[in-house]
$ cat structure08.cif   # mmCIF, C-alpha atoms and all ligand atoms
data_coords
#
loop_
_atom_site.label_atom_id
_atom_site.label_comp_id
_atom_site.auth_asym_id
_atom_site.auth_seq_id
_atom_site.Cartn_x
_atom_site.Cartn_y
_atom_site.Cartn_z
CA MET A 23 -37.35 -10.73 12.62
CA SER A 24 -34.42 -10.90 15.02
CA ARG A 25 -32.04 -13.82 15.16
CA VAL A 26 -29.90 -15.08 18.05
CA ALA A 27 -27.26 -17.76 18.67
CA ILE A 28 -27.40 -19.85 21.86
CA THR A 29 -24.35 -21.87 22.84
CA GLY A 30 -25.31 -24.86 24.98
CA GLY A 31 -28.78 -24.62 23.42
CA ALA A 32 -29.38 -28.39 23.66
CA GLY A 33 -28.89 -28.42 27.43
CA PHE A 34 -31.51 -28.16 30.17
CA LEU A 35 -31.74 -24.35 30.30
CA GLY A 36 -30.62 -23.78 26.70
CA SER A 37 -33.43 -25.89 25.26
CA HIS A 38 -36.06 -23.97 27.26
CA LEU A 39 -34.51 -20.71 26.06
CA CYS A 40 -34.60 -21.88 22.42
CA GLU A 41 -38.26 -22.79 22.85
CA ARG A 42 -39.22 -19.51 24.51
CA LEU A 43 -37.40 -17.31 21.97
CA LEU A 44 -38.90 -19.23 19.02
CA ALA A 45 -42.35 -18.73 20.58
CA ASP A 46 -41.54 -14.99 20.79
CA GLY A 47 -40.88 -14.98 17.01
CA VAL A 48 -37.08 -14.92 17.26
CA GLU A 49 -34.96 -17.12 14.95
CA VAL A 50 -32.60 -19.33 16.94
CA VAL A 51 -29.26 -20.87 16.01
CA CYS A 52 -28.42 -23.51 18.63
CA VAL A 53 -24.74 -24.48 18.95
CA ASP A 54 -23.93 -27.52 21.08
CA ASN A 55 -21.47 -30.42 21.21
CA PHE A 56 -23.80 -32.58 23.39
CA VAL A 57 -21.14 -33.15 26.06
CA THR A 58 -23.80 -32.86 28.77
CA GLY A 59 -26.88 -31.95 26.71
CA ARG A 60 -29.05 -34.22 24.61
CA PRO A 61 -30.17 -33.94 20.97
CA ALA A 62 -33.58 -35.14 22.23
CA ASN A 63 -33.97 -31.84 24.14
CA VAL A 64 -34.32 -29.92 20.86
CA GLU A 65 -35.54 -32.65 18.49
CA HIS A 66 -39.07 -31.24 18.54
CA LEU A 67 -37.72 -27.83 17.45
CA LEU A 68 -36.07 -29.15 14.29
CA ARG A 69 -39.34 -28.83 12.36
CA GLU A 70 -39.64 -25.12 13.26
CA PRO A 71 -38.54 -22.98 10.29
CA GLY A 72 -36.79 -20.47 12.59
CA PHE A 73 -34.60 -23.09 14.28
CA ARG A 74 -31.16 -24.29 13.24
CA LEU A 75 -28.94 -26.76 15.13
CA ILE A 76 -25.15 -26.73 14.69
CA GLU A 77 -23.10 -29.48 16.35
CA HIS A 78 -19.89 -27.71 17.36
CA ASP A 79 -17.47 -27.41 20.27
CA VAL A 80 -17.39 -23.68 21.08
CA THR A 81 -13.82 -23.89 22.35
CA GLU A 82 -12.98 -24.15 18.62
CA ALA A 83 -13.39 -20.99 16.47
CA LEU A 84 -17.07 -20.11 16.31
CA GLN A 85 -18.71 -18.84 13.14
CA VAL A 86 -22.39 -18.40 12.48
CA PRO A 87 -23.39 -17.15 9.02
CA GLY A 88 -25.95 -14.31 8.80
CA PRO A 89 -26.97 -11.48 11.12
CA LEU A 90 -27.34 -11.91 14.90
CA ALA A 91 -29.03 -9.57 17.37
CA ALA A 92 -27.64 -11.50 20.36
CA VAL A 93 -25.27 -14.27 21.40
CA LEU A 94 -26.27 -16.15 24.58
CA HIS A 95 -23.39 -18.13 26.03
CA PHE A 96 -24.87 -21.02 28.00
CA ALA A 97 -22.41 -23.78 27.06
CA SER A 98 -20.77 -25.33 30.13
CA PRO A 99 -21.12 -28.44 32.23
CA ALA A 100 -23.27 -27.24 35.12
CA SER A 101 -23.79 -29.99 37.66
CA PRO A 102 -21.02 -30.87 40.13
CA VAL A 103 -20.95 -34.49 38.89
CA ASP A 104 -20.46 -33.25 35.31
CA TYR A 105 -17.79 -30.69 36.02
CA TYR A 106 -15.83 -33.01 38.35
CA ARG A 107 -15.75 -35.48 35.43
CA LEU A 108 -14.88 -32.75 32.86
CA PRO A 109 -12.56 -30.30 34.68
CA ILE A 110 -10.43 -29.18 31.72
CA GLU A 111 -13.43 -28.98 29.36
CA THR A 112 -15.24 -26.84 31.96
CA LEU A 113 -12.33 -24.41 32.28
CA LEU A 114 -11.91 -24.24 28.50
CA VAL A 115 -15.56 -23.60 27.71
CA GLY A 116 -15.60 -20.86 30.40
CA SER A 117 -12.42 -19.25 29.05
CA THR A 118 -11.78 -19.93 25.33
CA GLY A 119 -15.46 -20.73 24.73
CA THR A 120 -16.52 -17.42 26.30
CA GLN A 121 -13.93 -15.55 24.25
CA ASN A 122 -15.13 -17.19 21.02
CA ALA A 123 -18.72 -16.27 21.85
CA LEU A 124 -17.68 -12.67 22.67
CA GLU A 125 -15.75 -12.43 19.38
CA LEU A 126 -18.84 -13.63 17.54
CA ALA A 127 -20.97 -10.99 19.29
CA GLN A 128 -18.42 -8.29 18.47
CA ALA A 129 -18.23 -9.32 14.79
CA LYS A 130 -22.04 -9.21 14.49
CA GLY A 131 -22.61 -6.06 16.57
CA ALA A 132 -24.80 -8.29 18.77
CA ARG A 133 -25.66 -8.10 22.48
CA PHE A 134 -23.80 -10.77 24.47
CA LEU A 135 -25.38 -12.51 27.46
CA LEU A 136 -23.25 -14.67 29.77
CA ALA A 137 -24.85 -17.44 31.83
CA SER A 138 -22.93 -17.03 35.08
CA THR A 139 -23.80 -18.63 38.37
CA SER A 140 -24.46 -18.19 42.06
CA GLU A 141 -21.27 -20.27 42.41
CA ALA A 142 -19.46 -16.98 41.76
CA TYR A 143 -20.30 -16.34 45.47
CA GLY A 144 -18.71 -19.67 46.51
CA ASP A 145 -19.53 -20.64 50.11
CA PRO A 146 -20.99 -17.21 50.91
CA LYS A 147 -20.31 -15.28 54.08
CA VAL A 148 -23.05 -12.76 53.21
CA HIS A 149 -26.62 -14.04 53.20
CA PRO A 150 -28.73 -13.55 51.07
CA GLN A 151 -26.29 -12.72 48.28
CA PRO A 152 -26.55 -9.32 46.54
CA GLU A 153 -24.65 -8.74 43.28
CA THR A 154 -22.26 -6.43 45.15
CA TYR A 155 -20.88 -9.35 47.20
CA TRP A 156 -17.53 -10.57 45.83
CA GLY A 157 -17.81 -14.11 47.08
CA ASN A 158 -15.80 -16.69 48.99
CA VAL A 159 -14.31 -19.09 46.45
CA ASN A 160 -11.52 -21.64 46.95
CA PRO A 161 -9.39 -21.24 43.78
CA VAL A 162 -7.79 -24.68 44.15
CA GLY A 163 -10.74 -26.59 45.64
CA PRO A 164 -12.81 -29.38 44.06
CA ARG A 165 -15.34 -26.91 42.58
CA SER A 166 -12.74 -24.44 41.32
CA MET A 167 -12.83 -25.60 37.69
CA TYR A 168 -16.41 -24.34 37.54
CA ASP A 169 -16.39 -21.38 39.92
CA GLU A 170 -13.19 -19.86 38.61
CA ALA A 171 -14.12 -20.50 34.97
CA LYS A 172 -17.31 -18.51 35.53
CA ARG A 173 -15.53 -15.75 37.44
CA TYR A 174 -12.97 -15.48 34.60
CA ALA A 175 -15.85 -15.48 32.08
CA GLU A 176 -17.44 -12.55 33.94
CA ALA A 177 -14.12 -10.65 33.93
CA LEU A 178 -13.62 -11.34 30.21
CA THR A 179 -17.15 -10.16 29.48
CA MET A 180 -16.48 -6.88 31.31
CA ALA A 181 -13.18 -6.47 29.42
CA TYR A 182 -14.93 -6.85 26.03
CA ARG A 183 -17.54 -4.36 27.19
CA ASN A 184 -15.03 -1.77 28.41
CA ALA A 185 -12.18 -2.24 25.91
CA ARG A 186 -14.11 -3.28 22.78
CA GLY A 187 -17.51 -1.65 23.25
CA VAL A 188 -19.50 -4.89 23.08
CA ASP A 189 -23.03 -4.59 24.56
CA THR A 190 -22.88 -7.22 27.31
CA GLY A 191 -25.03 -8.65 30.08
CA ILE A 192 -24.25 -11.12 32.87
CA VAL A 193 -26.88 -13.21 34.63
CA ARG A 194 -26.00 -15.00 37.87
CA ILE A 195 -28.30 -17.99 37.82
CA PHE A 196 -29.31 -19.63 41.11
CA ASN A 197 -30.33 -23.32 41.41
CA THR A 198 -32.99 -24.00 38.79
CA TYR A 199 -34.99 -27.17 38.20
CA GLY A 200 -37.57 -28.46 35.77
CA PRO A 201 -38.27 -30.83 32.89
CA ARG A 202 -35.28 -32.03 30.81
CA MET A 203 -32.81 -32.28 33.67
CA ARG A 204 -30.98 -35.61 33.43
CA ALA A 205 -31.91 -38.13 36.13
CA ASP A 206 -28.19 -38.97 36.38
CA ASP A 207 -26.78 -35.41 36.45
CA GLY A 208 -26.19 -35.69 40.20
CA ARG A 209 -28.01 -32.47 41.16
CA ALA A 210 -30.21 -32.76 44.21
CA ILE A 211 -33.67 -32.35 42.68
CA PRO A 212 -33.41 -34.76 39.70
CA THR A 213 -31.55 -37.26 41.91
CA PHE A 214 -34.20 -37.12 44.64
CA ILE A 215 -37.07 -37.39 42.15
CA ALA A 216 -35.53 -40.39 40.36
CA GLN A 217 -34.80 -42.09 43.70
CA ALA A 218 -38.30 -41.41 45.06
CA LEU A 219 -40.01 -42.66 41.90
CA ARG A 220 -37.87 -45.82 41.86
CA GLY A 221 -38.38 -46.38 45.59
CA GLU A 222 -34.61 -46.21 46.17
CA PRO A 223 -33.03 -44.55 49.24
CA ILE A 224 -32.93 -40.75 48.89
CA THR A 225 -29.32 -39.65 49.34
CA VAL A 226 -29.14 -36.52 51.51
CA ALA A 227 -25.59 -35.16 51.86
CA GLY A 228 -24.36 -34.46 55.40
CA ASP A 229 -27.21 -33.81 57.84
CA GLY A 230 -29.18 -31.99 55.11
CA SER A 231 -29.15 -28.67 56.99
CA GLN A 232 -27.42 -26.85 54.10
CA THR A 233 -29.80 -24.69 52.09
CA ARG A 234 -30.55 -23.89 48.46
CA SER A 235 -33.19 -21.59 46.98
CA VAL A 236 -34.72 -23.23 43.97
CA CYS A 237 -36.34 -21.62 40.94
CA TYR A 238 -38.68 -23.24 38.41
CA VAL A 239 -37.27 -23.12 34.90
CA ASP A 240 -40.10 -21.06 33.32
CA ASP A 241 -39.57 -18.27 35.86
CA LEU A 242 -35.83 -18.26 35.28
CA ILE A 243 -36.20 -18.14 31.49
CA ASP A 244 -38.59 -15.20 31.78
CA GLY A 245 -36.02 -13.27 33.84
CA ILE A 246 -33.24 -14.12 31.38
CA VAL A 247 -35.29 -12.96 28.38
CA ARG A 248 -36.05 -9.66 30.15
CA LEU A 249 -32.34 -9.16 30.84
CA LEU A 250 -31.44 -10.16 27.27
CA TRP A 251 -33.52 -7.38 25.71
CA SER A 252 -32.54 -4.77 28.34
CA TRP A 253 -29.48 -2.53 28.35
CA LEU A 254 -28.34 -3.78 31.78
CA PRO A 255 -24.71 -4.92 32.04
CA GLY A 256 -25.28 -6.87 35.21
CA PRO A 257 -24.39 -9.00 36.92
CA VAL A 258 -28.04 -9.56 37.79
CA ASN A 259 -29.16 -12.35 40.12
CA ILE A 260 -32.03 -14.43 38.77
CA GLY A 261 -33.43 -17.05 41.11
CA ASN A 262 -36.20 -17.76 43.57
CA PRO A 263 -35.48 -16.55 47.13
CA HIS A 264 -37.62 -19.38 48.58
CA GLU A 265 -34.93 -21.10 50.69
CA LEU A 266 -35.19 -24.72 51.83
CA THR A 267 -32.81 -27.05 53.60
CA ILE A 268 -31.79 -30.05 51.51
CA LEU A 269 -33.51 -32.36 54.02
CA GLU A 270 -36.75 -30.36 53.60
CA THR A 271 -36.34 -30.60 49.83
CA ALA A 272 -35.87 -34.39 50.01
CA ARG A 273 -38.99 -34.77 52.20
CA LEU A 274 -41.06 -32.53 49.93
CA VAL A 275 -40.02 -34.43 46.80
CA ARG A 276 -40.81 -37.75 48.49
CA GLU A 277 -44.24 -36.52 49.54
CA LEU A 278 -45.10 -35.09 46.10
CA CYS A 279 -43.99 -38.36 44.47
CA GLY A 280 -46.25 -40.29 46.86
CA SER A 281 -43.20 -42.41 47.64
CA GLY A 282 -42.26 -44.43 50.69
CA ALA A 283 -38.52 -44.35 49.87
CA PRO A 284 -36.27 -44.05 52.93
CA ILE A 285 -33.92 -41.10 53.40
CA THR A 286 -30.27 -42.05 53.79
CA PHE A 287 -27.44 -39.73 54.82
CA VAL A 288 -24.27 -39.77 52.68
CA PRO A 289 -20.97 -37.86 53.03
CA ARG A 290 -21.12 -34.19 52.13
CA PRO A 291 -18.79 -33.10 49.28
CA LYS A 292 -15.84 -30.85 50.20
CA ASP A 293 -16.50 -27.09 49.85
CA ASP A 294 -20.25 -27.71 49.40
CA PRO A 295 -21.79 -24.26 50.07
CA SER A 296 -23.73 -24.12 53.37
CA VAL A 297 -26.34 -21.56 52.36
CA ARG A 298 -27.56 -19.90 49.20
CA GLN A 299 -30.30 -17.39 48.55
CA PRO A 300 -30.48 -14.69 45.88
CA ASP A 301 -31.16 -11.07 46.74
CA ILE A 302 -33.33 -10.18 43.72
CA THR A 303 -33.89 -6.49 44.52
CA LEU A 304 -32.06 -5.48 41.31
CA ALA A 305 -34.06 -7.81 39.02
CA ARG A 306 -37.31 -6.66 40.66
CA ARG A 307 -36.47 -2.99 40.26
CA GLU A 308 -34.76 -2.93 36.85
CA LEU A 309 -36.50 -5.79 35.04
CA GLY A 310 -39.86 -5.85 36.84
CA TRP A 311 -39.19 -9.55 37.33
CA GLU A 312 -39.92 -11.93 40.17
CA PRO A 313 -40.64 -15.66 40.27
CA ARG A 314 -44.29 -16.74 40.16
CA VAL A 315 -44.27 -20.54 40.36
CA ALA A 316 -44.55 -21.94 43.90
CA VAL A 317 -42.05 -24.67 44.70
CA THR A 318 -44.77 -27.32 45.20
CA ASP A 319 -46.26 -26.53 41.75
CA GLY A 320 -42.88 -26.48 40.03
CA LEU A 321 -41.83 -29.73 41.66
CA ALA A 322 -45.15 -31.39 40.76
CA ARG A 323 -44.71 -30.41 37.08
CA THR A 324 -41.12 -31.66 37.14
CA ILE A 325 -42.12 -34.96 38.76
CA ASP A 326 -44.78 -35.52 36.07
CA TRP A 327 -42.15 -35.02 33.37
CA PHE A 328 -39.70 -37.38 35.13
CA ARG A 329 -42.33 -40.11 35.45
CA ALA A 330 -42.72 -40.10 31.65
CA ASP A 331 -38.97 -39.75 30.98
CA LEU A 332 -38.02 -42.62 33.32
CA ARG A 333 -40.68 -44.85 31.69
CA GLU A 334 -39.18 -43.97 28.28
CA LEU A 335 -35.63 -44.75 29.51
CA ALA A 336 -36.77 -48.07 31.03
CA ARG A 337 -38.50 -49.02 27.75
CA ALA A 338 -35.36 -48.16 25.73
CA ALA A 339 -33.08 -50.20 28.07
P1 LIG B 401 -26.56 -28.49 30.80
O1 LIG B 401 -25.37 -29.34 31.03
O2 LIG B 401 -27.89 -29.14 30.66
O3 LIG B 401 -26.36 -27.57 29.53
C1 LIG B 401 -25.10 -27.13 29.08
C2 LIG B 401 -25.02 -27.35 27.59
O4 LIG B 401 -23.75 -26.88 27.11
C3 LIG B 401 -25.10 -28.85 27.20
O5 LIG B 401 -26.05 -29.03 26.18
C4 LIG B 401 -23.69 -29.16 26.72
O6 LIG B 401 -23.67 -30.20 25.78
C5 LIG B 401 -23.24 -27.80 26.18
N1 LIG B 401 -21.79 -27.65 26.11
C6 LIG B 401 -20.89 -27.82 27.12
N2 LIG B 401 -19.63 -27.59 26.66
C7 LIG B 401 -19.75 -27.24 25.36
C8 LIG B 401 -18.81 -26.89 24.34
N3 LIG B 401 -17.49 -26.84 24.57
N4 LIG B 401 -19.28 -26.59 23.10
C9 LIG B 401 -20.62 -26.63 22.84
N5 LIG B 401 -21.55 -26.97 23.76
C10 LIG B 401 -21.11 -27.28 25.00
O7 LIG B 401 -26.61 -27.41 31.99
P2 LIG B 401 -27.70 -26.29 32.34
O8 LIG B 401 -28.18 -26.53 33.70
O9 LIG B 401 -28.66 -26.14 31.23
O10 LIG B 401 -26.76 -24.99 32.40
C11 LIG B 401 -26.69 -24.08 31.32
C12 LIG B 401 -25.83 -22.88 31.71
O11 LIG B 401 -26.43 -22.21 32.83
C13 LIG B 401 -24.42 -23.26 32.11
O12 LIG B 401 -23.53 -22.27 31.61
C14 LIG B 401 -24.47 -23.21 33.62
O13 LIG B 401 -23.21 -22.90 34.17
C15 LIG B 401 -25.48 -22.12 33.88
N6 LIG B 401 -26.14 -22.30 35.19
C16 LIG B 401 -27.12 -23.25 35.38
C17 LIG B 401 -27.71 -23.39 36.62
C18 LIG B 401 -28.83 -24.37 36.88
O14 LIG B 401 -29.36 -24.41 38.00
N7 LIG B 401 -29.27 -25.16 35.93
C19 LIG B 401 -27.28 -22.60 37.70
C20 LIG B 401 -26.27 -21.69 37.48
C21 LIG B 401 -25.72 -21.52 36.22
N1 LIG B 402 -27.12 -33.10 47.40
C1 LIG B 402 -27.61 -34.13 48.18
N2 LIG B 402 -27.84 -35.35 47.60
C2 LIG B 402 -27.62 -35.58 46.26
C3 LIG B 402 -27.15 -34.49 45.46
C4 LIG B 402 -26.91 -33.27 46.06
O1 LIG B 402 -27.85 -33.97 49.38
O2 LIG B 402 -27.85 -36.71 45.80
C5 LIG B 402 -26.86 -31.81 48.06
C6 LIG B 402 -25.51 -31.19 47.74
O3 LIG B 402 -24.52 -31.71 48.60
C7 LIG B 402 -25.79 -29.73 47.98
C8 LIG B 402 -27.25 -29.56 47.56
O4 LIG B 402 -27.82 -30.88 47.60
O5 LIG B 402 -25.67 -29.42 49.34
C9 LIG B 402 -27.43 -28.99 46.17
O6 LIG B 402 -26.63 -29.73 45.28
P1 LIG B 402 -26.75 -29.56 43.70
O7 LIG B 402 -25.70 -30.41 43.08
O8 LIG B 402 -28.15 -29.74 43.27
O9 LIG B 402 -26.45 -28.01 43.47
P2 LIG B 402 -25.21 -27.07 43.88
O10 LIG B 402 -24.37 -27.72 44.93
O11 LIG B 402 -24.48 -26.85 42.61
O12 LIG B 402 -25.90 -25.86 44.39
#

$ encode --input "structure08.cif" --output "structure tokens"
Amino acid sequence: MSRVAITGGAGFLGSHLCERLLADGVEVVCVDNFVTGRPANVEHLLREPGFRLIEHDVTEALQVPGPLAAVLHFASPASPVDYYRLPIETLLVGSTGTQNALELAQAKGARFLLASTSEAYGDPKVHPQPETYWGNVNPVGPRSMYDEAKRYAEALTMAYRNARGVDTGIVRIFNTYGPRMRADDGRAIPTFIAQALRGEPITVAGDGSQTRSVCYVDDLIDGIVRLLWSWLPGPVNIGNPHELTILETARLVRELCGSGAPITFVPRPKDDPSVRQPDITLARRELGWEPRVAVTDGLARTIDWFRADLRELARAA
């Protein structure tokens, strides 16, 4: 049976990855310091014999006893609200944390998979974005702690591949949504759902004409698992090319929630990318992957989960 380590395994994406790999018969060691993740995300996995949870900050030396077939480095604050609040931590987990995870992979002879981001393209001047596009990133702007940390992490991953012979892969993840996002993480979809369900004004930034292309979590995880067990170095874009304006997204969420909440327009953050859509030609061709869940279905499933989660939070308060 193969065994993997997942840093950031108690986060939104990490917890879905843990679940999927366990279901595939893989043993999983989850390493997380809960800075933005929640123990509750993996609580139900603690009774699985193949699952182990280690509370640890991966910017400190990282050791995992026993063999590992792969190290998946997913630890990092990921929502703008989180990384604005944690700028140094974000840069450190992208730099020192990535190096520690690469060293672990090298020591174990394991494949290394880096969770990179569409933010590597910044505010793109090429649309949709193929992996060959180098991006348009402000190195000293308000999002730079995240964008540049990930770009450095990609460069470090390539250096370990070329100079140290580590088998590496890089996935550039585009906006993904689904159960276990935090209602307060500030990202558009969880924010809009929580506002719509509470009947509060839905806060659309700017005039809402900026676009994102949103992928349901199960589709994303399937693409990541295919890349994990492939030989591809990447970077490989994984995301759903279905592009919506943020105003369209807000209206769709409101409708699917059956909510009468008003839409209110709030100031747009500086350097907020205007458009984003993955070119997934490479993933289609090399991994035989493409997303399957329609945005209305994915949003409906996510809204159902949020209804229960918000009830739980209200009961606990
Ligand atoms: P998340 O915040 O839910 O998960 C990140 C996890 O990493 C959390 O559990 C957090 O506690 C943990 N973590 C952070 N710093 C750590 C440290 N120093 N040591 C140990 N654990 C640490 O975010 P997410 O949306 O699940 O994102 C997971 C990864 O995917 C991130 O690397 C993110 O950059 C990348 N990504 C996500 C998206 C998306 O749409 N969700 C898009 C692009 C890239
Ligand atoms: N956004 C918004 N209202 C919110 C939160 C976000 O209009 O309450 C906008 C944000 O300005 C951006 C888009 O939605 O244009 C996506 O933001 P998110 O934080 O979800 O993802 P990212 O900017 O990282 O792609």

$ residues_around --input "structure08.cif" --residues "Ala218 (chain A)" --least-positions-apart "5" --cutoff "6 Å" --atoms "all atoms listed in the file" --output "ChimeraX atom specification"
/A:276,281,283

$ residues_around --input "structure08.cif" --residues "Lys172 (chain A)" --least-positions-apart "3" --cutoff "7 Å" --atoms "all atoms listed in the file" --output "PyMOL selection string"
chain A and resi 116+138+142+168-169+175-176

$ write_last_selection --input "structure08.cif" --atoms "C-alpha atoms" --output "PDB file, in the frame of the given file"
ATOM      1  CA  GLY A 116     -15.600 -20.860  30.400  1.00  0.00           C
ATOM      2  CA  SER A 138     -22.930 -17.030  35.080  1.00  0.00           C
ATOM      3  CA  ALA A 142     -19.460 -16.980  41.760  1.00  0.00           C
ATOM      4  CA  TYR A 168     -16.410 -24.340  37.540  1.00  0.00           C
ATOM      5  CA  ASP A 169     -16.390 -21.380  39.920  1.00  0.00           C
ATOM      6  CA  ALA A 175     -15.850 -15.480  32.080  1.00  0.00           C
ATOM      7  CA  GLU A 176     -17.440 -12.550  33.940  1.00  0.00           C
TER       8      GLU A 176
END

$ closest_atom_pairs --input "structure08.cif" --of "chain A" --to "ligand LIG 402 (chain B)" --cutoff "6 Å" --atoms "only C-alpha atoms and all ligand atoms" --output "Markdown table"
| residue | atom | partner | partner_atom | distance |
| --- | --- | --- | --- | --- |
| A:Ser101 | CA | B:LIG402 | O7 | 5.8 |
| A:Pro102 | CA | B:LIG402 | O7 | 5.6 |
| A:Asn197 | CA | B:LIG402 | O12 | 5.9 |
| A:Gly208 | CA | B:LIG402 | C3 | 5.5 |
| A:Arg209 | CA | B:LIG402 | O8 | 3.5 |
| A:Ala210 | CA | B:LIG402 | C3 | 3.7 |
| A:Thr213 | CA | B:LIG402 | O2 | 5.4 |
| A:Thr225 | CA | B:LIG402 | O2 | 4.8 |
| A:Val226 | CA | B:LIG402 | O1 | 3.6 |
| A:Ala227 | CA | B:LIG402 | O1 | 3.6 |
| A:Gln232 | CA | B:LIG402 | O5 | 5.7 |
| A:Ile268 | CA | B:LIG402 | O4 | 5.6 |
| A:Arg290 | CA | B:LIG402 | O3 | 5.5 |
| A:Pro291 | CA | B:LIG402 | O3 | 5.9 |
| A:Asp294 | CA | B:LIG402 | O5 | 5.7 |

$ residues_near_ligand --input "structure08.cif" --ligand "ligand LIG 401 (chain B)" --cutoff "8 Å" --atoms "all atoms listed in the file" --output "ChimeraX atom specification"
/A:29-37,53-60,77-82,95-101,104,111-112,114-115,119,136-141,168,172,194-199,202-204

$ closest_residue --input "structure08.cif" --among "A:Ser166, A:Gln151, A:Gln128, A:Thr271" --to "Phe214 (chain A)" --atoms "all atoms listed in the file"
A:Thr271

$ closest_residue --input "structure08.cif" --among "A:Asn63, A:Ser235, A:Ser24, A:Thr324" --to "Val93 (chain A)" --atoms "all atoms listed in the file"
A:Ser24

$ closest_residue --input "structure08.cif" --among "A:Thr286, A:Lys292, A:His149, A:Gly245" --to "Arg306 (chain A)" --atoms "only C-alpha atoms"
A:Gly245

$ atom_distance --input "structure08.cif" --atom1 "CA of Ala129 (chain A)" --atom2 "CA of Val26 (chain A)"
13.4 Å

$ atom_distance --input "structure08.cif" --atom1 "CA of Ala91 (chain A)" --atom2 "CA of Ile28 (chain A)"
11.3 Å

$ closest_residue --input "structure08.cif" --among "A:Pro87, A:Pro61, A:Gly310, A:Pro289" --to "Leu75 (chain A)" --atoms "all atoms listed in the file"
A:Pro61

$ atom_distance --input "structure08.cif" --atom1 "CA of Phe134 (chain A)" --atom2 "CA of Glu153 (chain A)"
18.9 Å
